[in-house]
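The file structure-v7.cif contains mmCIF, C-alpha atoms and all ligand atoms:
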```cif
data_data
loop_
_atom_site.label_atom_id
_atom_site.label_comp_id
_atom_site.auth_asym_id
_atom_site.auth_seq_id
_atom_site.Cartn_x
_atom_site.Cartn_y
_atom_site.Cartn_z
CA MET A 1 67.40 69.04 36.86
CA LYS A 2 64.30 68.46 38.95
CA LEU A 3 64.00 64.73 39.31
CA SER A 4 60.86 63.01 40.59
CA PHE A 5 60.58 59.35 41.38
CA ASN A 6 59.12 57.05 43.97
CA VAL A 7 61.32 55.52 46.62
CA ASN A 8 59.98 52.98 49.09
CA GLN A 9 56.37 54.05 48.39
CA ARG A 10 57.18 57.72 48.84
CA ASP A 11 57.13 60.28 45.99
CA VAL A 12 60.22 62.46 46.07
CA THR A 13 61.50 65.36 44.01
CA VAL A 14 65.15 66.33 44.20
CA ASP A 15 67.26 68.89 42.42
CA VAL A 16 70.19 66.93 40.99
CA ASP A 17 72.66 66.64 38.18
CA GLY A 18 71.11 63.92 35.99
CA ALA A 19 74.53 62.34 35.61
CA GLU A 20 74.94 61.99 39.37
CA PRO A 21 74.87 58.32 40.40
CA LEU A 22 71.56 57.25 41.91
CA LEU A 23 73.53 55.89 44.88
CA HIS A 24 74.65 59.41 45.83
CA VAL A 25 71.14 60.75 45.50
CA LEU A 26 69.81 58.03 47.80
CA ARG A 27 72.55 58.31 50.41
CA GLU A 28 73.47 61.98 50.44
CA ARG A 29 70.26 63.74 49.50
CA LEU A 30 67.58 61.37 50.75
CA LYS A 31 69.65 60.05 53.69
CA LEU A 32 68.80 56.47 52.80
CA THR A 33 72.16 55.16 53.95
CA GLY A 34 71.20 51.49 54.07
CA THR A 35 72.43 51.13 50.49
CA LYS A 36 76.23 50.85 50.60
CA GLN A 37 79.00 52.22 48.44
CA GLY A 38 81.61 49.53 47.86
CA CYS A 39 83.62 49.53 44.66
CA ASP A 40 81.76 52.41 42.98
CA GLU A 41 82.25 50.74 39.62
CA GLY A 42 79.55 48.14 39.16
CA GLU A 43 81.53 45.14 40.36
CA CYS A 44 80.50 44.34 43.94
CA GLY A 45 76.71 44.78 44.21
CA ALA A 46 76.82 46.50 47.64
CA CYS A 47 74.79 49.33 46.09
CA THR A 48 72.06 47.09 44.63
CA VAL A 49 68.57 48.61 44.65
CA LEU A 50 65.45 47.57 42.74
CA VAL A 51 64.22 49.75 39.89
CA ASP A 52 60.70 48.67 38.91
CA GLY A 53 61.48 45.38 40.64
CA ARG A 54 64.77 44.70 38.86
CA PRO A 55 68.14 44.72 40.60
CA VAL A 56 70.63 47.33 39.42
CA ASP A 57 73.94 48.71 40.65
CA SER A 58 72.95 52.20 41.77
CA CYS A 59 76.58 53.42 41.82
CA ILE A 60 76.73 53.43 38.02
CA LEU A 61 73.13 54.34 37.28
CA PRO A 62 72.72 57.99 36.30
CA ALA A 63 69.97 59.42 38.47
CA GLY A 64 68.26 61.06 35.50
CA VAL A 65 67.38 57.61 34.19
CA VAL A 66 64.99 56.86 37.08
CA ALA A 67 62.55 59.75 36.53
CA GLY A 68 59.06 58.43 37.23
CA ARG A 69 60.28 55.00 38.29
CA GLN A 70 59.77 52.99 41.46
CA ILE A 71 62.88 52.42 43.56
CA ARG A 72 63.13 50.04 46.48
CA THR A 73 66.03 50.05 48.91
CA VAL A 74 66.84 47.83 51.88
CA GLU A 75 64.94 50.25 54.13
CA SER A 76 61.71 49.03 52.50
CA LEU A 77 62.08 45.40 53.53
CA ALA A 78 61.13 45.47 57.21
CA GLY A 79 57.56 46.31 58.17
CA PRO A 80 56.64 49.67 59.77
CA ASP A 81 56.73 47.95 63.16
CA GLY A 82 60.30 46.82 62.56
CA GLN A 83 59.29 43.26 61.80
CA LEU A 84 62.00 41.82 59.51
CA ALA A 85 61.13 40.41 56.09
CA ALA A 86 61.48 36.61 55.82
CA ILE A 87 64.75 36.88 53.89
CA GLN A 88 66.20 39.24 56.52
CA GLN A 89 65.18 36.96 59.40
CA SER A 90 66.68 34.06 57.52
CA PHE A 91 70.02 35.92 57.24
CA VAL A 92 69.96 36.47 61.02
CA ASP A 93 69.03 32.88 61.79
CA ARG A 94 71.67 31.36 59.50
CA PHE A 95 74.54 33.70 60.49
CA ALA A 96 74.73 35.04 56.93
CA ILE A 97 76.02 38.42 58.16
CA GLN A 98 79.49 39.17 59.46
CA CYS A 99 80.58 42.76 58.92
CA GLY A 100 77.28 43.38 57.15
CA PHE A 101 78.58 45.75 54.51
CA CYS A 102 77.45 43.52 51.62
CA THR A 103 74.16 42.52 53.25
CA PRO A 104 71.79 45.20 51.88
CA GLY A 105 72.91 44.37 48.35
CA PHE A 106 72.45 40.63 48.83
CA LEU A 107 69.02 41.19 50.37
CA MET A 108 67.83 43.29 47.44
CA THR A 109 69.09 40.86 44.78
CA LEU A 110 67.46 37.97 46.65
CA THR A 111 64.24 39.94 47.06
CA ALA A 112 64.10 40.36 43.27
CA LEU A 113 64.91 36.69 42.74
CA LEU A 114 62.27 35.41 45.15
CA GLU A 115 59.62 37.68 43.62
CA GLU A 116 60.44 36.35 40.17
CA ASN A 117 60.82 32.74 41.28
CA PRO A 118 59.69 31.85 44.82
CA ARG A 119 61.42 28.44 44.79
CA PRO A 120 64.79 28.85 43.10
CA GLU A 121 67.31 26.00 42.96
CA GLU A 122 70.66 26.48 44.63
CA THR A 123 72.32 26.96 41.22
CA GLU A 124 69.82 29.70 40.38
CA ILE A 125 70.53 31.40 43.69
CA ARG A 126 74.27 31.26 43.10
CA GLY A 127 73.78 32.54 39.54
CA ALA A 128 71.60 35.43 40.68
CA LEU A 129 74.17 36.39 43.31
CA SER A 130 77.19 36.38 40.99
CA GLY A 131 77.24 40.19 41.02
CA ASN A 132 77.24 40.45 44.82
CA LEU A 133 80.61 40.11 46.53
CA CYS A 134 81.18 39.29 50.19
CA ARG A 135 84.63 39.48 51.78
CA CYS A 136 83.60 37.79 55.02
CA THR A 137 81.21 34.88 54.91
CA GLY A 138 82.48 32.66 52.12
CA TYR A 139 78.93 32.73 50.72
CA SER A 140 77.73 29.36 52.09
CA THR A 141 75.69 30.84 54.90
CA ILE A 142 74.17 33.36 52.49
CA VAL A 143 73.09 30.63 50.09
CA ASP A 144 71.79 28.61 53.06
CA ALA A 145 69.78 31.61 54.23
CA ALA A 146 68.31 32.08 50.77
CA LEU A 147 67.39 28.41 50.53
CA ALA A 148 65.81 28.54 53.97
CA ALA A 149 63.72 31.52 52.87
CA THR A 150 62.35 29.44 49.97
CA GLY A 151 61.15 26.82 52.43
CA ASP A 152 63.13 24.08 50.67
CA ASP A 153 65.54 23.67 53.50
CA GLN A 154 63.07 22.85 56.25
CA MET B 155 76.54 68.60 32.68
CA GLU B 156 73.17 68.72 31.05
CA PHE B 157 70.97 65.63 31.05
CA ARG B 158 68.27 65.32 28.39
CA SER B 159 65.88 62.45 28.11
CA ALA B 160 64.36 62.01 24.65
CA GLU B 161 60.66 61.21 24.37
CA SER B 162 60.77 60.23 20.70
CA VAL B 163 63.34 59.05 18.17
CA ASP B 164 62.79 62.25 16.18
CA GLU B 165 63.52 64.34 19.24
CA ALA B 166 66.73 62.38 19.89
CA LEU B 167 67.80 62.85 16.26
CA ALA B 168 67.05 66.59 16.38
CA TRP B 169 69.25 66.93 19.46
CA LEU B 170 72.02 64.93 17.80
CA THR B 171 71.85 67.22 14.77
CA GLU B 172 72.14 70.21 17.11
CA LEU B 173 74.85 68.83 19.38
CA GLY B 174 76.92 66.36 17.32
CA ASP B 175 79.79 65.01 19.38
CA GLU B 176 79.00 67.36 22.26
CA ALA B 177 76.37 64.76 23.15
CA GLN B 178 77.05 61.37 24.66
CA VAL B 179 74.18 59.01 23.90
CA LEU B 180 73.26 57.00 26.95
CA ALA B 181 70.99 53.95 27.04
CA GLY B 182 71.46 52.03 30.30
CA GLY B 183 74.64 53.89 31.15
CA THR B 184 76.78 51.03 32.45
CA ASP B 185 79.76 51.80 30.24
CA VAL B 186 79.09 55.49 29.79
CA MET B 187 78.91 56.19 33.54
CA LEU B 188 82.18 54.39 34.21
CA GLN B 189 83.88 56.37 31.46
CA HIS B 190 82.35 59.57 32.79
CA MET B 191 83.38 58.87 36.39
CA ARG B 192 86.94 58.09 35.22
CA ARG B 193 86.89 61.30 33.16
CA GLU B 194 87.64 59.40 29.99
CA ILE B 195 84.77 61.23 28.30
CA THR B 196 83.70 64.85 28.84
CA PRO B 197 80.52 65.44 26.85
CA SER B 198 78.47 68.56 27.54
CA VAL B 199 75.18 66.66 27.32
CA PHE B 200 74.09 63.18 28.29
CA LEU B 201 71.41 62.25 25.78
CA HIS B 202 69.30 59.56 27.41
CA ILE B 203 67.41 57.33 24.96
CA GLY B 204 66.24 54.68 27.44
CA ARG B 205 62.60 55.77 27.18
CA LEU B 206 62.29 55.14 23.45
CA ASP B 207 60.22 51.99 23.68
CA THR B 208 60.02 51.61 19.89
CA LEU B 209 63.72 50.72 20.05
CA ARG B 210 62.99 47.92 22.51
CA GLU B 211 61.13 45.46 20.26
CA ILE B 212 62.05 42.02 18.99
CA THR B 213 60.54 40.56 15.84
CA ALA B 214 61.39 37.02 14.93
CA ASN B 215 60.79 35.70 11.42
CA ASP B 216 63.39 34.24 9.05
CA GLY B 217 65.10 37.50 9.72
CA MET B 218 65.44 38.73 13.25
CA SER B 219 65.03 42.32 14.21
CA ILE B 220 66.44 43.26 17.59
CA GLY B 221 65.78 46.69 19.05
CA PRO B 222 69.04 48.30 20.17
CA LEU B 223 67.60 49.00 23.64
CA ILE B 224 67.06 45.30 24.35
CA SER B 225 68.91 44.52 27.59
CA HIS B 226 71.39 41.72 28.03
CA ARG B 227 68.97 40.16 30.49
CA THR B 228 66.26 40.03 27.81
CA LEU B 229 68.70 38.59 25.29
CA ALA B 230 69.62 35.93 27.85
CA THR B 231 66.03 34.99 28.72
CA ASP B 232 63.78 35.68 25.70
CA PRO B 233 62.66 32.39 24.09
CA ARG B 234 62.58 33.92 20.59
CA ILE B 235 66.27 34.76 20.84
CA ALA B 236 67.06 31.32 22.29
CA ARG B 237 65.32 29.65 19.33
CA SER B 238 66.63 31.84 16.53
CA MET B 239 70.01 33.04 17.78
CA PRO B 240 71.13 30.66 20.55
CA ALA B 241 74.73 31.87 20.42
CA LEU B 242 73.50 35.36 21.29
CA THR B 243 71.62 33.96 24.29
CA GLU B 244 74.78 32.20 25.44
CA ALA B 245 76.88 35.32 25.00
CA ALA B 246 74.43 37.57 26.86
CA GLU B 247 74.32 35.15 29.80
CA THR B 248 78.04 35.65 30.31
CA VAL B 249 77.98 39.46 30.36
CA GLY B 250 78.58 40.89 33.83
CA SER B 251 76.09 40.26 36.59
CA TRP B 252 72.30 40.25 36.85
CA GLN B 253 72.51 43.90 37.91
CA THR B 254 74.49 44.98 34.85
CA GLN B 255 72.56 42.71 32.48
CA GLU B 256 69.35 44.49 33.42
CA VAL B 257 70.76 47.86 32.49
CA GLY B 258 73.25 47.21 29.68
CA THR B 259 71.82 47.12 26.14
CA VAL B 260 72.86 45.39 22.96
CA GLY B 261 73.01 48.70 21.10
CA GLY B 262 75.20 50.16 23.81
CA ASN B 263 77.48 47.15 23.56
CA LEU B 264 77.83 47.73 19.79
CA CYS B 265 78.34 51.49 19.97
CA ASN B 266 80.76 51.26 22.86
CA ALA B 267 82.78 48.92 20.62
CA SER B 268 84.80 47.24 23.32
CA PRO B 269 87.30 44.72 21.94
CA ALA B 270 85.76 42.25 24.41
CA ALA B 271 82.07 42.84 23.60
CA ASP B 272 80.49 39.41 24.04
CA THR B 273 77.36 40.07 21.99
CA VAL B 274 79.31 41.04 18.87
CA PRO B 275 80.68 37.65 17.69
CA PRO B 276 77.19 36.03 17.71
CA LEU B 277 75.79 38.99 15.79
CA LEU B 278 78.66 38.82 13.29
CA VAL B 279 78.04 35.12 12.56
CA ALA B 280 74.34 35.95 12.15
CA GLY B 281 75.24 38.42 9.40
CA ALA B 282 73.96 41.37 11.43
CA VAL B 283 73.23 44.68 9.75
CA VAL B 284 72.86 47.89 11.73
CA GLU B 285 70.50 50.74 10.88
CA LEU B 286 71.82 54.25 11.50
CA SER B 287 69.40 57.15 11.48
CA SER B 288 69.88 60.88 11.45
CA THR B 289 67.33 63.58 10.81
CA GLY B 290 65.86 62.90 7.37
CA HIS B 291 68.31 60.12 6.58
CA ARG B 292 68.72 56.43 7.22
CA ARG B 293 71.40 53.97 6.14
CA ASN B 294 72.14 50.30 6.70
CA MET B 295 75.59 48.88 7.18
CA PRO B 296 76.94 45.38 7.85
CA LEU B 297 78.10 45.11 11.45
CA ASP B 298 81.63 44.17 10.41
CA GLU B 299 81.94 47.50 8.58
CA PHE B 300 80.41 49.38 11.51
CA LEU B 301 83.22 48.28 13.85
CA VAL B 302 86.33 50.11 12.74
CA GLY B 303 88.71 49.98 15.68
CA ARG B 304 89.17 49.77 19.41
CA ARG B 305 86.19 51.68 20.85
CA SER B 306 85.57 53.16 17.44
CA THR B 307 82.65 52.76 15.03
CA ALA B 308 81.44 54.19 11.72
CA ARG B 309 78.57 55.98 13.49
CA ARG B 310 78.57 59.69 12.68
CA SER B 311 78.05 61.99 15.62
CA THR B 312 74.61 63.00 14.30
CA GLU B 313 73.47 59.41 13.96
CA LEU B 314 71.62 57.07 16.27
CA LEU B 315 71.71 53.28 16.07
CA THR B 316 68.02 52.52 15.52
CA GLY B 317 67.91 48.89 14.44
CA ILE B 318 69.77 45.60 14.29
CA SER B 319 68.72 42.86 11.89
CA ALA B 320 70.22 39.41 11.56
CA ASP B 321 69.61 35.95 10.09
CA ALA B 322 67.93 33.39 12.31
CA VAL B 323 69.33 29.85 12.34
CA SER B 324 67.53 27.41 10.05
CA PRO B 325 67.25 23.61 10.26
CA GLY B 326 70.64 22.15 9.43
CA THR B 327 72.37 25.11 11.01
CA GLY B 328 73.97 25.03 14.46
CA GLU B 329 75.70 27.81 16.33
CA THR B 330 77.35 28.43 19.67
CA TYR B 331 79.29 31.03 21.64
CA LEU B 332 82.17 29.86 23.82
CA LYS B 333 84.17 32.07 26.12
CA VAL B 334 87.35 31.69 28.10
CA GLY B 335 87.48 33.70 31.31
CA ARG B 336 89.17 33.25 34.66
CA ARG B 337 86.00 32.55 36.60
CA SER B 338 82.53 31.62 35.47
CA ALA B 339 80.80 34.79 36.63
CA MET B 340 81.30 38.46 35.79
CA GLU B 341 84.30 37.93 33.60
CA VAL B 342 85.53 39.95 30.68
CA ALA B 343 86.38 37.52 27.88
CA ILE B 344 89.99 36.40 27.47
CA VAL B 345 88.78 34.96 24.18
CA GLY B 346 85.18 34.78 22.96
CA LEU B 347 84.29 32.72 19.89
CA ALA B 348 81.05 32.35 17.96
CA VAL B 349 80.65 29.73 15.23
CA ARG B 350 77.64 29.11 12.99
CA LEU B 351 77.78 26.07 10.70
CA THR B 352 75.30 24.83 8.13
CA VAL B 353 75.80 21.20 7.19
CA ASP B 354 73.96 19.04 4.68
CA PRO B 355 72.70 15.56 5.61
CA ASP B 356 76.06 13.91 4.91
CA ASP B 357 77.79 16.47 7.19
CA THR B 358 79.40 18.52 4.43
CA VAL B 359 79.79 22.09 5.63
CA THR B 360 77.84 24.25 3.21
CA SER B 361 78.32 27.48 5.13
CA ALA B 362 80.66 28.46 7.96
CA ARG B 363 80.83 31.68 9.90
CA VAL B 364 83.41 32.28 12.61
CA ALA B 365 83.87 35.43 14.71
CA VAL B 366 86.01 36.27 17.74
CA CYS B 367 86.41 38.97 20.37
CA SER B 368 89.19 39.97 22.79
CA VAL B 369 91.97 39.03 20.37
CA ALA B 370 92.17 42.17 18.21
CA PRO B 371 91.27 45.88 18.45
CA HIS B 372 87.66 44.94 17.66
CA PRO B 373 85.68 41.72 17.23
CA TYR B 374 85.88 40.44 13.66
CA ARG B 375 84.85 37.64 11.32
CA ALA B 376 87.66 35.22 10.52
CA THR B 377 86.89 34.70 6.83
CA ALA B 378 90.06 32.68 6.17
CA VAL B 379 88.86 30.14 8.73
CA GLU B 380 85.40 30.05 7.17
CA LEU B 381 86.87 29.26 3.73
CA ILE B 382 88.87 26.34 5.14
CA LEU B 383 85.80 24.83 6.79
CA GLU B 384 83.37 25.31 3.88
CA GLY B 385 83.07 22.26 1.64
CA SER B 386 84.87 20.04 4.15
CA HIS B 387 83.58 17.21 6.30
CA MET B 388 85.41 18.66 9.30
CA GLU B 389 88.17 16.07 9.16
CA PRO B 390 90.75 16.41 11.98
CA ASP B 391 93.39 17.89 9.66
CA VAL B 392 90.89 20.48 8.40
CA ILE B 393 90.00 21.49 11.94
CA ALA B 394 93.70 21.73 12.83
CA GLU B 395 94.34 23.91 9.77
CA ALA B 396 91.33 26.09 10.66
CA GLY B 397 92.67 26.46 14.20
CA ARG B 398 96.05 27.63 12.94
CA ALA B 399 94.35 30.07 10.59
CA LEU B 400 92.26 31.43 13.45
CA THR B 401 95.34 32.10 15.57
CA ALA B 402 97.09 33.65 12.56
CA SER B 403 94.16 35.99 11.95
CA ALA B 404 94.32 37.48 15.45
CA SER B 405 96.50 40.23 16.89
CA PRO B 406 96.08 39.67 20.63
CA ILE B 407 97.80 41.69 23.31
CA ASP B 408 99.12 40.93 26.79
CA ASP B 409 96.93 42.37 29.51
CA ALA B 410 96.03 41.75 33.13
CA ARG B 411 93.71 38.92 32.20
CA ALA B 412 95.95 36.84 29.92
CA SER B 413 99.02 36.92 27.71
CA ALA B 414 98.87 37.22 23.95
CA ASP B 415 100.56 33.84 23.72
CA TYR B 416 97.91 32.17 25.85
CA ARG B 417 95.15 33.73 23.77
CA GLY B 418 96.75 32.41 20.59
CA ARG B 419 97.08 28.92 22.00
CA VAL B 420 93.60 28.63 23.40
CA MET B 421 91.86 29.66 20.16
CA PRO B 422 92.26 26.38 18.20
CA HIS B 423 90.95 24.37 21.14
CA LEU B 424 87.97 26.64 21.51
CA LEU B 425 87.29 26.36 17.76
CA GLU B 426 87.37 22.57 17.88
CA ARG B 427 84.89 22.48 20.76
CA ALA B 428 82.63 25.00 19.06
CA ILE B 429 82.58 23.02 15.81
CA GLY B 430 81.56 19.90 17.74
CA ALA B 431 78.74 21.78 19.45
CA CYS B 432 77.52 23.31 16.18
CA LEU B 433 77.48 19.94 14.45
CA HIS B 434 75.50 18.42 17.28
CA ARG B 435 72.95 21.21 17.17
CA ALA B 436 72.70 21.21 13.38
CA ARG B 437 71.90 17.49 13.36
CA ALA B 438 69.41 17.86 16.19
CA GLY B 439 67.76 20.78 14.40
CA ARG B 440 67.35 18.74 11.23
CA LYS B 441 65.68 15.94 13.16
CA GLY B 442 63.37 18.56 14.61
CA LEU B 443 64.59 17.92 18.16
S1 LIG A 501 79.33 49.95 44.89
FE1 LIG A 501 78.06 49.64 43.18
S2 LIG A 501 78.67 47.72 42.44
FE2 LIG A 501 80.10 48.13 44.02
S1 LIG A 502 79.54 40.19 55.65
FE1 LIG A 502 81.29 41.39 55.35
S2 LIG A 502 81.33 41.71 53.23
FE2 LIG A 502 79.75 40.29 53.48
#
```
Would you put the structure from the file into structure tokens?
Amino acid sequence: MKLSFNVNQRDVTVDVDGAEPLLHVLRERLKLTGTKQGCDEGECGACTVLVDGRPVDSCILPAGVVAGRQIRTVESLAGPDGQLAAIQQSFVDRFAIQCGFCTPGFLMTLTALLEENPRPEETEIRGALSGNLCRCTGYSTIVDAALAATGDDQ
Amino acid sequence: MEFRSAESVDEALAWLTELGDEAQVLAGGTDVMLQHMRREITPSVFLHIGRLDTLREITANDGMSIGPLISHRTLATDPRIARSMPALTEAAETVGSWQTQEVGTVGGNLCNASPAADTVPPLLVAGAVVELSSTGHRRNMPLDEFLVGRRSTARRSTELLTGISADAVSPGTGETYLKVGRRSAMEVAIVGLAVRLTVDPDDTVTSARVAVCSVAPHPYRATAVELILEGSHMEPDVIAEAGRALTASASPIDDARASADYRGRVMPHLLERAIGACLHRARAGRKGL
């Protein structure tokens, strides 16, 4: 099927199987490889993207579902000049990245959270992140980075 | 595989009439995609119904009407659900992650008929009735008749689940959903239990509804337990007897998450806690708290 949607402020049309996971369409056809493929079964959140502002696991989202919708991936966070978004800079400053494989997913979930609620409590942050797994950091630095991005930690 | 996205309920029903079980209805796709990727299902058409906004409405009166496309995230956060069906709110909060709650729908949860479907016990204790539509025909069926086995429902292949209605809690009624899992987040229930109790001012139980998931091929209402509780004052020996009856009603299996024996043992404790929570809420509701 011909599938049209908007990704990172760009209208795209691709010829896909509607049952193909959105993750594959993003990575293989649109070469947006910032979004990662971890478990491929909706458990780890490495593939999190925003659909109309809401976080979803793109590995188990049939591409046909997103016709006409707005998708945001990690590539949209930094400015055109390469200036990192506040949440990204906070991850760098707080050492919230080790191997980095989980990072795009965490950043997208946190972007959705901070848009919905700019000053979340730590418990809300941990709750929002329950679908994002990290094998490296032990999570504390990630939660610290999120708190720092809310301004509560200063 | 062909992917069709319906623009109206009538269009979806016409396609179902044409395709029957060649079509796999898809709402958010969380369960369907996993089954497809594991080749557990091989439909020739994915019939996407996620754009049918008329199936995404909530109306809250004495009776609740919940559109089948309502997401778990909406169930977990909508104040009308929290007020009228708090056990459903609690159940939806425990389903998967934020990412899967956004996509997964209550109708999908019912039609997928997982033994561990968290939203089913709260709907069973709320006396839920499902509406099934096909071209030129519509029928209503109590949810407990709709669920017929493990991953099996009474839905005909030409039918679409188009409505869910249920009773809201009233003053003097308290309900809760409690779940045992291995960790607090993203866990499939080892046992899930919903209880709705109506008590009169001297704490006599005038109505009891009890439903469980993850302990039988499909979630079910434990009517034997309800009969023991009704008319009682929830004395310790009554609660103990109800707990034994609950365990006796189940047919749990051993799996990677827990043994059948553990499931049987944990049920009476969960029931006792749930009864305490219901009583507390029923009293608070009567005082208008
Ligand atoms: S890759 Fe999608 S949730 Fe793990
Ligand atoms: S930094 Fe390695 S998985 Fe999170």
Chain A contacts on chain B, all atoms listed in the file, 10 Å, as a PyMOL selection string: chain B and resi 155-159+180-188+190-192+199-200+202-205+250-257+338-340
Distance in Å - atom CA of Thr171 of chain B versus atom CA of Thr312 of chain B: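 Between these atoms lies a distance of 5.1 Å.
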Distance of atom CA of Met421 of chain B from atom CA of Pro269 of chain B, expressed in Å to one decimal place: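 These atoms are spaced 15.8 Å apart.
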Protein and nucleic residues near ligand LIG 502 (chain A), 7 Å, all atoms listed in the file, as a PyMOL selection string: chain A and resi 97-103+133-137
Top pick for closest residue to ligand LIG 501 (chain A), considering A:Pro104, A:Gly82, A:Gly68, A:Gly53 and counting only C-alpha atoms and all ligand atoms: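 Counting only C-alpha atoms and all ligand atoms, the residue closest to ligand LIG 501 (chain A) is A:Pro104.
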Between atom CA of Thr289 of chain B and atom CA of Gln178 of chain B, distance in Å (one decimal):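 Computed distance, atom CA of Thr289 of chain B to atom CA of Gln178 of chain B, equals 17.1 Å.
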Proximity to ligand LIG 501 (chain A) - best of A:Lys36, A:Gln83, A:Thr123, A:Thr13, all atoms listed in the file: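 Comparing A:Lys36, A:Gln83, A:Thr123, A:Thr13 against ligand LIG 501 (chain A), the winner is A:Lys36.
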A:Gly38, A:Gly105, A:Pro120, A:Gly79 ranked by distance to ligand LIG 501 (chain A), top pick (using only C-alpha atoms and all ligand atoms):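 The shortest atom-to-atom distance to ligand LIG 501 (chain A) comes from A:Gly38.
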